[in-house]
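Structure record follows, encoded as structure tokens.
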Amino acid sequence: MSSTWFLTGGVGFIGHHLSRALLQRGDTVRVLDDFSNEPYPERLKRRHAEVLQKEHGDRFSVEEGCVTNRELAARLSAGVTGVLHLAGLAGVRPSFVDPARYQDVNVEGTAVQLQAAQNAGCSLFLFASSSSVYGNATPLPATEDAPAIVPESPYAASKRSAELVVSSMLRKTPEMRAPMLRFFTVYGPWQRPEMAITSFLRKILAGRPITMFGDGSMRRDFTHIEDIVRGLVAAIDQAPKGARPYNLGSGAPVTLAELVDAMSRAANRPVTIERAPVPLGDVDATFADITRAREELGWSPRVKLDDGLASVVDWLQREPS
Ligand SMILES: NC(=O)c1ccc[n+]([C@@H]2O[C@H](COP(=O)([O-])OP(=O)(O)OC[C@H]3O[C@@H](n4cnc5c(N)ncnc54)[C@H](O)[C@@H]3O)[C@@H](O)[C@H]2O)c1
């Protein structure tokens, strides 16, 4: 039987890929998004909305507004199978510029959406969290049971706070399924343009230098969007009841120096590197233990870094601007 989902942030990078996956299996998707022009241009979100509308117009709708708007949350969560809360302010560095806004959108926005979902009697509330909750103090590979109480940025603090709000509010509705998916640096076609990989590969393909932070030893667990969407769908279909965090990561971190070599191979171009200090809030390493997602959601990542980078090069060559 097909389902109807209320998806916040459904025209963003991860959100529009998830919208398409749900629409392609016959589900109906209602999106709430504010089409903000930060941290990347609004026109990309408009483009995603238009394409999805063309592909699946009868089952896809978008409302423009903020996740903290209670009236919108109540109206859009009425009668749906579940709420998939992906909207949020993403990005570590800008969170130091406007920490209060990060708290408003990421924490208050999550509380508003969850309360509306509870009032509407939804059986599922999925929350998009982040590997950043682990900070630098968590032993690696990071497991979901780690306390995660030393965030390195206001962004990380907002995601961890939102998780705690979800966990505490689930006491009211213990039968509800509330998977909290901790994404590890997601990349792939239509990645946010300010993120590493897309911004690097654009420069490499144009023969321009890239800026590498630190000495290249920083490690990241890069995870391809196809794997993330499969993980989201697995959580939507199979997550057990209760508020439960899951790592969605490749489980195979690489150093920035290794990433640069792999990008050079994928683009078939040499890379010129300029160095800059590590920005405030960036963690030394991310590395997911993915045992729980494997055991409880039947999920494991499939896309190898070389293949994933090839998919980005292919996309950038088709969509040069
Ligand atoms: N991309 C990653 O590597 C990554 C890693 C960890 C966690 N996440 C989380 O996953 C989610 C999606 O990330 P993304 O990379 O697709 O980012 P994105 O910026 O492309 O998507 C977020 C969407 O939320 C919308 N939004 C922002 N503020 C809003 C508000 N106040 N009201 C309504 N809509 C609002 C944006 O317009 C955007 O379309 C975010 O919550 C992010 O924090 C992403």
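Labels used: A, B, ... for chains in the order of the structure tokens, numbers from 1 for residues in each chain, and numbers from 1 for ligands as shown.
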Please find the residues contacting ligand 1 at a distance of at most 7 Å between atoms, with only C-alpha atoms and all ligand atoms counted, and report them as a VMD selection string.
chain A and resid 8 to 15 32 to 36 45 65 to 68 86 to 91 105 128 to 131 182 to 187 191 to 192
Just-selected residues, N, CA, C and O atoms written as a compact mmCIF listing (two decimals), in the first residue's frame:
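part_10.txt, written as the output of this step:
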# COMPACT_ATOMS: atom_id res chain seq x y z
N THR A 8 10.22 17.50 5.52
CA THR A 8 10.77 18.86 5.61
C THR A 8 12.14 18.86 4.94
O THR A 8 12.87 17.88 4.99
N GLY A 9 12.46 19.98 4.28
CA GLY A 9 13.75 20.07 3.59
C GLY A 9 13.80 19.20 2.33
O GLY A 9 14.87 18.84 1.85
N GLY A 10 12.64 18.91 1.77
CA GLY A 10 12.56 17.94 0.67
C GLY A 10 13.01 18.43 -0.69
O GLY A 10 12.92 17.69 -1.67
N VAL A 11 13.48 19.68 -0.77
CA VAL A 11 14.07 20.15 -2.04
C VAL A 11 15.55 20.46 -1.86
O VAL A 11 16.18 21.04 -2.74
N GLY A 12 16.11 20.11 -0.70
CA GLY A 12 17.55 20.30 -0.49
C GLY A 12 18.32 19.15 -1.13
O GLY A 12 17.76 18.33 -1.87
N PHE A 13 19.62 19.10 -0.84
CA PHE A 13 20.47 18.07 -1.45
C PHE A 13 19.96 16.66 -1.12
O PHE A 13 19.53 15.91 -2.02
N ILE A 14 19.99 16.29 0.14
CA ILE A 14 19.57 14.93 0.51
C ILE A 14 18.06 14.78 0.32
O ILE A 14 17.57 13.77 -0.21
N GLY A 15 17.32 15.83 0.69
CA GLY A 15 15.86 15.78 0.65
C GLY A 15 15.30 15.52 -0.73
O GLY A 15 14.35 14.75 -0.88
N LEU A 32 7.83 20.68 3.01
CA LEU A 32 7.91 22.04 3.58
C LEU A 32 9.37 22.46 3.49
O LEU A 32 10.26 21.74 3.95
N ASP A 33 9.61 23.63 2.88
CA ASP A 33 10.99 24.13 2.78
C ASP A 33 10.92 25.65 2.70
O ASP A 33 9.99 26.20 2.11
N ASP A 34 11.91 26.32 3.28
CA ASP A 34 11.86 27.80 3.23
C ASP A 34 12.64 28.38 2.05
O ASP A 34 12.70 29.59 1.90
N PHE A 35 13.23 27.51 1.22
CA PHE A 35 13.98 27.96 0.03
C PHE A 35 14.98 29.06 0.38
O PHE A 35 15.17 30.01 -0.38
N SER A 36 15.63 28.92 1.52
CA SER A 36 16.56 29.98 1.94
C SER A 36 17.74 30.05 0.96
O SER A 36 18.13 29.05 0.36
N LYS A 45 17.37 24.83 -5.20
CA LYS A 45 16.18 24.23 -4.58
C LYS A 45 14.96 24.39 -5.48
O LYS A 45 14.13 23.50 -5.61
N GLY A 65 7.80 27.69 3.66
CA GLY A 65 7.64 28.21 5.02
C GLY A 65 8.70 27.64 5.93
O GLY A 65 9.53 26.82 5.52
N CYS A 66 8.64 28.11 7.19
CA CYS A 66 9.69 27.76 8.15
C CYS A 66 9.25 26.60 9.04
O CYS A 66 8.08 26.50 9.41
N VAL A 67 10.20 25.77 9.41
CA VAL A 67 9.90 24.60 10.26
C VAL A 67 9.46 24.99 11.67
O VAL A 67 8.93 24.15 12.40
N THR A 68 9.66 26.24 12.06
CA THR A 68 9.20 26.65 13.40
C THR A 68 7.75 27.13 13.38
O THR A 68 7.21 27.48 14.43
N LEU A 86 14.03 16.49 7.68
CA LEU A 86 15.41 16.69 7.17
C LEU A 86 15.80 18.16 7.14
O LEU A 86 16.99 18.48 7.02
N ALA A 87 14.84 19.07 7.19
CA ALA A 87 15.18 20.49 7.07
C ALA A 87 16.05 20.91 8.24
O ALA A 87 15.87 20.44 9.37
N GLY A 88 16.96 21.79 7.96
CA GLY A 88 17.79 22.30 9.04
C GLY A 88 18.87 23.16 8.46
O GLY A 88 19.08 23.18 7.24
N LEU A 89 19.53 23.88 9.34
CA LEU A 89 20.70 24.63 8.90
C LEU A 89 21.88 23.68 8.99
O LEU A 89 22.20 23.19 10.08
N ALA A 90 22.47 23.40 7.84
CA ALA A 90 23.60 22.47 7.79
C ALA A 90 24.88 23.30 7.73
O ALA A 90 24.86 24.44 7.31
N GLY A 91 25.96 22.73 8.15
CA GLY A 91 27.24 23.45 8.01
C GLY A 91 27.80 23.88 9.35
O GLY A 91 27.14 24.58 10.12
N VAL A 105 16.28 27.09 14.40
CA VAL A 105 15.83 26.22 13.30
C VAL A 105 16.02 24.75 13.67
O VAL A 105 15.10 23.93 13.51
N ALA A 128 16.93 13.87 10.83
CA ALA A 128 18.26 13.89 10.20
C ALA A 128 19.27 14.51 11.15
O ALA A 128 19.31 15.72 11.34
N SER A 129 20.08 13.66 11.77
CA SER A 129 21.13 14.15 12.66
C SER A 129 22.47 14.07 11.93
O SER A 129 22.51 13.97 10.70
N SER A 130 23.55 14.13 12.70
CA SER A 130 24.85 14.30 12.05
C SER A 130 25.96 13.60 12.83
O SER A 130 25.93 13.54 14.07
N SER A 131 26.98 13.17 12.09
CA SER A 131 28.17 12.59 12.73
C SER A 131 28.89 13.62 13.59
O SER A 131 29.69 13.26 14.46
N ARG A 182 22.37 9.58 11.90
CA ARG A 182 23.57 10.42 11.95
C ARG A 182 24.33 10.23 10.64
O ARG A 182 25.02 9.22 10.44
N PHE A 183 24.14 11.20 9.72
CA PHE A 183 24.80 11.11 8.42
C PHE A 183 26.27 11.49 8.57
O PHE A 183 26.61 12.45 9.25
N PHE A 184 27.12 10.77 7.84
CA PHE A 184 28.56 11.08 7.79
C PHE A 184 28.85 11.67 6.41
O PHE A 184 28.56 11.04 5.39
N THR A 185 29.42 12.89 6.39
CA THR A 185 29.72 13.67 5.17
C THR A 185 29.18 13.05 3.87
O THR A 185 29.80 12.17 3.28
N VAL A 186 28.03 13.56 3.46
CA VAL A 186 27.33 12.99 2.31
C VAL A 186 27.78 13.71 1.03
O VAL A 186 27.87 14.94 1.00
N TYR A 187 28.05 12.93 -0.01
CA TYR A 187 28.46 13.53 -1.28
C TYR A 187 27.76 12.78 -2.42
O TYR A 187 27.19 11.71 -2.21
N GLN A 191 25.33 17.58 -4.63
CA GLN A 191 25.80 17.91 -3.28
C GLN A 191 25.79 19.42 -3.08
O GLN A 191 25.95 20.17 -4.06
N ARG A 192 25.63 19.87 -1.84
CA ARG A 192 25.68 21.32 -1.57
C ARG A 192 26.98 21.88 -2.15
O ARG A 192 28.05 21.33 -1.89
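Residues with any atom within 8 Å of stretch 296-308 of chain A, counting only C-alpha atoms and excluding same-chain neighbours fewer than 4 positions away, are Tyr187, Gly188, Phe222, Thr223, His224, Glu226, Asp227, Arg230, Gly231, Ala234, Ala235, Gln238, Ala239, Pro240, Gly249, Ser250, Ala262, Ala266, Ile290, Arg292 and Val312 of chain A.
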Neighbouring residues of A:His48 were defined as those with any atom within 7 Å, considering only C-alpha atoms; residues of the same chain fewer than 4 positions away were excluded. Please report them as a list in words.
Val11, His16, Leu44 and Leu52 of chain A
Report the residues of stretch 75-261 of chain A whose backbone DSSP state falls under helix (DSSP H, G or I), written as a PyMOL selection string.
chain A and resi 75-77+93-96+99-119+131-134+154-169+198-205+225-238+256-261
Might you pull out every residue within 6 Å of stretch 142-151 of chain A, with only C-alpha atoms counted and same-chain residues fewer than 6 positions away left off, and present them as a count of residues only?
6
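Between atom CA of A:Ser217 and atom CA of A:Arg93 the interatomic distance comes to 19.4 Å.
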Just checking: using only C-alpha atoms, which residue out of A:Ile210, A:Met180, A:Leu201, A:Val278 ends up closest to A:Leu309?
A:Leu201
Stretch 92-244 of chain A: residues DSSP assigns to strand (DSSP E or B), reported as number ranges by chain:
A: 124-130, 142, 177-183, 186-187, 210-213, 219-220, 223-224, 242-244
For those residues, write N, CA, C and O atoms to a file as a compact mmCIF listing (two decimals), in the first residue's frame.
# COMPACT_ATOMS: atom_id res chain seq x y z
N LEU A 124 5.52 7.46 12.73
CA LEU A 124 6.95 7.58 12.44
C LEU A 124 7.38 9.04 12.44
O LEU A 124 6.72 9.89 11.83
N PHE A 125 8.49 9.31 13.14
CA PHE A 125 9.14 10.63 13.04
C PHE A 125 10.62 10.36 12.84
O PHE A 125 11.30 9.84 13.72
N LEU A 126 11.10 10.67 11.63
CA LEU A 126 12.53 10.43 11.33
C LEU A 126 13.27 11.76 11.41
O LEU A 126 12.82 12.76 10.86
N PHE A 127 14.40 11.75 12.10
CA PHE A 127 15.16 13.00 12.27
C PHE A 127 16.55 12.86 11.64
O PHE A 127 17.26 11.88 11.89
N ALA A 128 16.93 13.87 10.83
CA ALA A 128 18.26 13.89 10.20
C ALA A 128 19.27 14.51 11.15
O ALA A 128 19.31 15.72 11.34
N SER A 129 20.08 13.66 11.77
CA SER A 129 21.13 14.15 12.66
C SER A 129 22.47 14.07 11.93
O SER A 129 22.51 13.97 10.70
N SER A 130 23.55 14.13 12.70
CA SER A 130 24.85 14.30 12.05
C SER A 130 25.96 13.60 12.83
O SER A 130 25.93 13.54 14.07
N ALA A 142 33.14 5.46 15.94
CA ALA A 142 32.13 5.94 16.87
C ALA A 142 30.92 5.03 16.89
O ALA A 142 30.39 4.66 15.83
N ARG A 177 7.86 5.29 16.18
CA ARG A 177 9.21 4.95 15.70
C ARG A 177 9.93 6.27 15.40
O ARG A 177 9.41 7.08 14.63
N ALA A 178 11.07 6.48 16.02
CA ALA A 178 11.77 7.76 15.81
C ALA A 178 13.26 7.54 15.57
O ALA A 178 14.10 7.83 16.43
N PRO A 179 13.60 7.00 14.38
CA PRO A 179 15.02 6.83 14.07
C PRO A 179 15.69 8.19 13.91
O PRO A 179 15.12 9.11 13.32
N MET A 180 16.89 8.32 14.47
CA MET A 180 17.67 9.56 14.34
C MET A 180 18.93 9.18 13.58
O MET A 180 19.80 8.48 14.11
N LEU A 181 18.98 9.58 12.31
CA LEU A 181 20.05 9.10 11.44
C LEU A 181 21.23 10.07 11.46
O LEU A 181 21.07 11.25 11.12
N ARG A 182 22.37 9.58 11.90
CA ARG A 182 23.57 10.42 11.95
C ARG A 182 24.33 10.23 10.64
O ARG A 182 25.02 9.22 10.44
N PHE A 183 24.14 11.20 9.72
CA PHE A 183 24.80 11.11 8.42
C PHE A 183 26.27 11.49 8.57
O PHE A 183 26.61 12.45 9.25
N VAL A 186 28.03 13.56 3.46
CA VAL A 186 27.33 12.99 2.31
C VAL A 186 27.78 13.71 1.03
O VAL A 186 27.87 14.94 1.00
N TYR A 187 28.05 12.93 -0.01
CA TYR A 187 28.46 13.53 -1.28
C TYR A 187 27.76 12.78 -2.42
O TYR A 187 27.19 11.71 -2.21
N ILE A 210 43.08 24.07 -5.36
CA ILE A 210 42.12 23.85 -4.26
C ILE A 210 42.79 24.21 -2.94
O ILE A 210 44.02 24.16 -2.82
N THR A 211 41.98 24.58 -1.96
CA THR A 211 42.51 24.91 -0.64
C THR A 211 42.31 23.73 0.29
O THR A 211 41.17 23.32 0.52
N MET A 212 43.43 23.19 0.78
CA MET A 212 43.33 22.05 1.70
C MET A 212 43.60 22.54 3.12
O MET A 212 44.60 23.23 3.36
N PHE A 213 42.70 22.18 4.03
CA PHE A 213 42.85 22.63 5.42
C PHE A 213 43.80 21.71 6.17
O PHE A 213 43.68 20.49 6.11
N ARG A 219 40.73 13.16 8.71
CA ARG A 219 40.06 12.01 8.08
C ARG A 219 38.55 12.19 8.07
O ARG A 219 37.97 12.67 9.05
N ARG A 220 37.92 11.78 6.97
CA ARG A 220 36.47 11.87 6.87
C ARG A 220 35.90 10.58 6.31
O ARG A 220 36.48 9.96 5.42
N THR A 223 30.28 9.49 2.53
CA THR A 223 29.21 8.52 2.27
C THR A 223 28.39 8.99 1.07
O THR A 223 27.95 10.14 1.01
N HIS A 224 28.20 8.08 0.12
CA HIS A 224 27.55 8.47 -1.13
C HIS A 224 26.04 8.62 -0.94
O HIS A 224 25.42 7.85 -0.20
N GLY A 242 10.59 3.67 19.29
CA GLY A 242 11.50 4.37 20.20
C GLY A 242 12.42 5.31 19.44
O GLY A 242 12.53 5.25 18.22
N ALA A 243 13.07 6.20 20.21
CA ALA A 243 14.02 7.14 19.63
C ALA A 243 15.38 6.47 19.60
O ALA A 243 15.96 6.20 20.65
N ARG A 244 15.86 6.17 18.40
CA ARG A 244 17.08 5.36 18.31
C ARG A 244 18.02 5.96 17.28
O ARG A 244 17.66 6.13 16.11
In Å, with one decimal, what is the gap from atom CA of A:Val51 to atom CA of A:Ile204?
28.2 Å
Atom CA of A:Ala162 to atom CA of A:Leu23, straight-line distance in Å:
27.7 Å
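Each of A:Arg202, A:Arg265, A:Leu248, A:Asn119 was compared to A:Ile225 using only C-alpha atoms, and A:Leu248 turns out to be the nearest.
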Which residues come within 9 Å of A:Phe200, counting only C-alpha atoms, excluding same-chain residues fewer than 5 positions away, as a VMD selection string?
chain A and resid 195 205 209 to 211 260 263
Restricting the output to all heavy atoms, write the selected residues as a PDB file, in the first residue's frame.
ATOM      1  N   MET A 195      30.335  22.402  -0.194  1.00  0.00           N
ATOM      2  CA  MET A 195      30.997  21.288   0.513  1.00  0.00           C
ATOM      3  C   MET A 195      32.207  20.772  -0.248  1.00  0.00           C
ATOM      4  O   MET A 195      32.281  20.862  -1.484  1.00  0.00           O
ATOM      5  CB  MET A 195      30.003  20.134   0.707  1.00  0.00           C
ATOM      6  CG  MET A 195      28.931  20.424   1.742  1.00  0.00           C
ATOM      7  SD  MET A 195      27.830  19.011   1.976  1.00  0.00           S
ATOM      8  CE  MET A 195      28.849  17.906   2.963  1.00  0.00           C
ATOM      9  N   LEU A 205      38.533  20.392 -12.194  1.00  0.00           N
ATOM     10  CA  LEU A 205      38.132  20.286 -13.612  1.00  0.00           C
ATOM     11  C   LEU A 205      38.406  21.592 -14.364  1.00  0.00           C
ATOM     12  O   LEU A 205      38.652  21.587 -15.569  1.00  0.00           O
ATOM     13  CB  LEU A 205      36.639  19.921 -13.719  1.00  0.00           C
ATOM     14  CG  LEU A 205      36.290  18.485 -13.306  1.00  0.00           C
ATOM     15  CD1 LEU A 205      34.778  18.308 -13.163  1.00  0.00           C
ATOM     16  CD2 LEU A 205      36.844  17.467 -14.304  1.00  0.00           C
ATOM     17  N   PRO A 209      43.523  25.952  -8.442  1.00  0.00           N
ATOM     18  CA  PRO A 209      44.015  25.306  -7.217  1.00  0.00           C
ATOM     19  C   PRO A 209      42.896  25.070  -6.196  1.00  0.00           C
ATOM     20  O   PRO A 209      41.900  25.796  -6.208  1.00  0.00           O
ATOM     21  CB  PRO A 209      45.027  26.319  -6.665  1.00  0.00           C
ATOM     22  CG  PRO A 209      44.727  27.609  -7.338  1.00  0.00           C
ATOM     23  CD  PRO A 209      44.004  27.320  -8.614  1.00  0.00           C
ATOM     24  N   ILE A 210      43.083  24.066  -5.356  1.00  0.00           N
ATOM     25  CA  ILE A 210      42.120  23.849  -4.264  1.00  0.00           C
ATOM     26  C   ILE A 210      42.794  24.210  -2.939  1.00  0.00           C
ATOM     27  O   ILE A 210      44.021  24.164  -2.819  1.00  0.00           O
ATOM     28  CB  ILE A 210      41.623  22.390  -4.205  1.00  0.00           C
ATOM     29  CG1 ILE A 210      42.786  21.420  -3.909  1.00  0.00           C
ATOM     30  CG2 ILE A 210      40.912  22.002  -5.488  1.00  0.00           C
ATOM     31  CD1 ILE A 210      42.302  20.026  -3.518  1.00  0.00           C
ATOM     32  N   THR A 211      41.979  24.577  -1.963  1.00  0.00           N
ATOM     33  CA  THR A 211      42.511  24.914  -0.639  1.00  0.00           C
ATOM     34  C   THR A 211      42.305  23.734   0.288  1.00  0.00           C
ATOM     35  O   THR A 211      41.167  23.319   0.523  1.00  0.00           O
ATOM     36  CB  THR A 211      41.783  26.154  -0.067  1.00  0.00           C
ATOM     37  OG1 THR A 211      41.899  27.198  -1.020  1.00  0.00           O
ATOM     38  CG2 THR A 211      42.396  26.588   1.249  1.00  0.00           C
ATOM     39  N   VAL A 260      42.355  13.792  -2.122  1.00  0.00           N
ATOM     40  CA  VAL A 260      42.868  14.593  -3.240  1.00  0.00           C
ATOM     41  C   VAL A 260      43.416  13.671  -4.333  1.00  0.00           C
ATOM     42  O   VAL A 260      43.139  13.875  -5.528  1.00  0.00           O
ATOM     43  CB  VAL A 260      43.946  15.590  -2.745  1.00  0.00           C
ATOM     44  CG1 VAL A 260      44.661  16.243  -3.911  1.00  0.00           C
ATOM     45  CG2 VAL A 260      43.308  16.656  -1.859  1.00  0.00           C
ATOM     46  N   MET A 263      40.486  12.169  -6.129  1.00  0.00           N
ATOM     47  CA  MET A 263      39.789  13.144  -6.997  1.00  0.00           C
ATOM     48  C   MET A 263      40.604  13.398  -8.262  1.00  0.00           C
ATOM     49  O   MET A 263      40.044  13.563  -9.354  1.00  0.00           O
ATOM     50  CB  MET A 263      39.551  14.462  -6.243  1.00  0.00           C
ATOM     51  CG  MET A 263      38.480  14.326  -5.161  1.00  0.00           C
ATOM     52  SD  MET A 263      37.974  15.921  -4.460  1.00  0.00           S
ATOM     53  CE  MET A 263      39.515  16.538  -3.871  1.00  0.00           C
TER      54      MET A 263
END
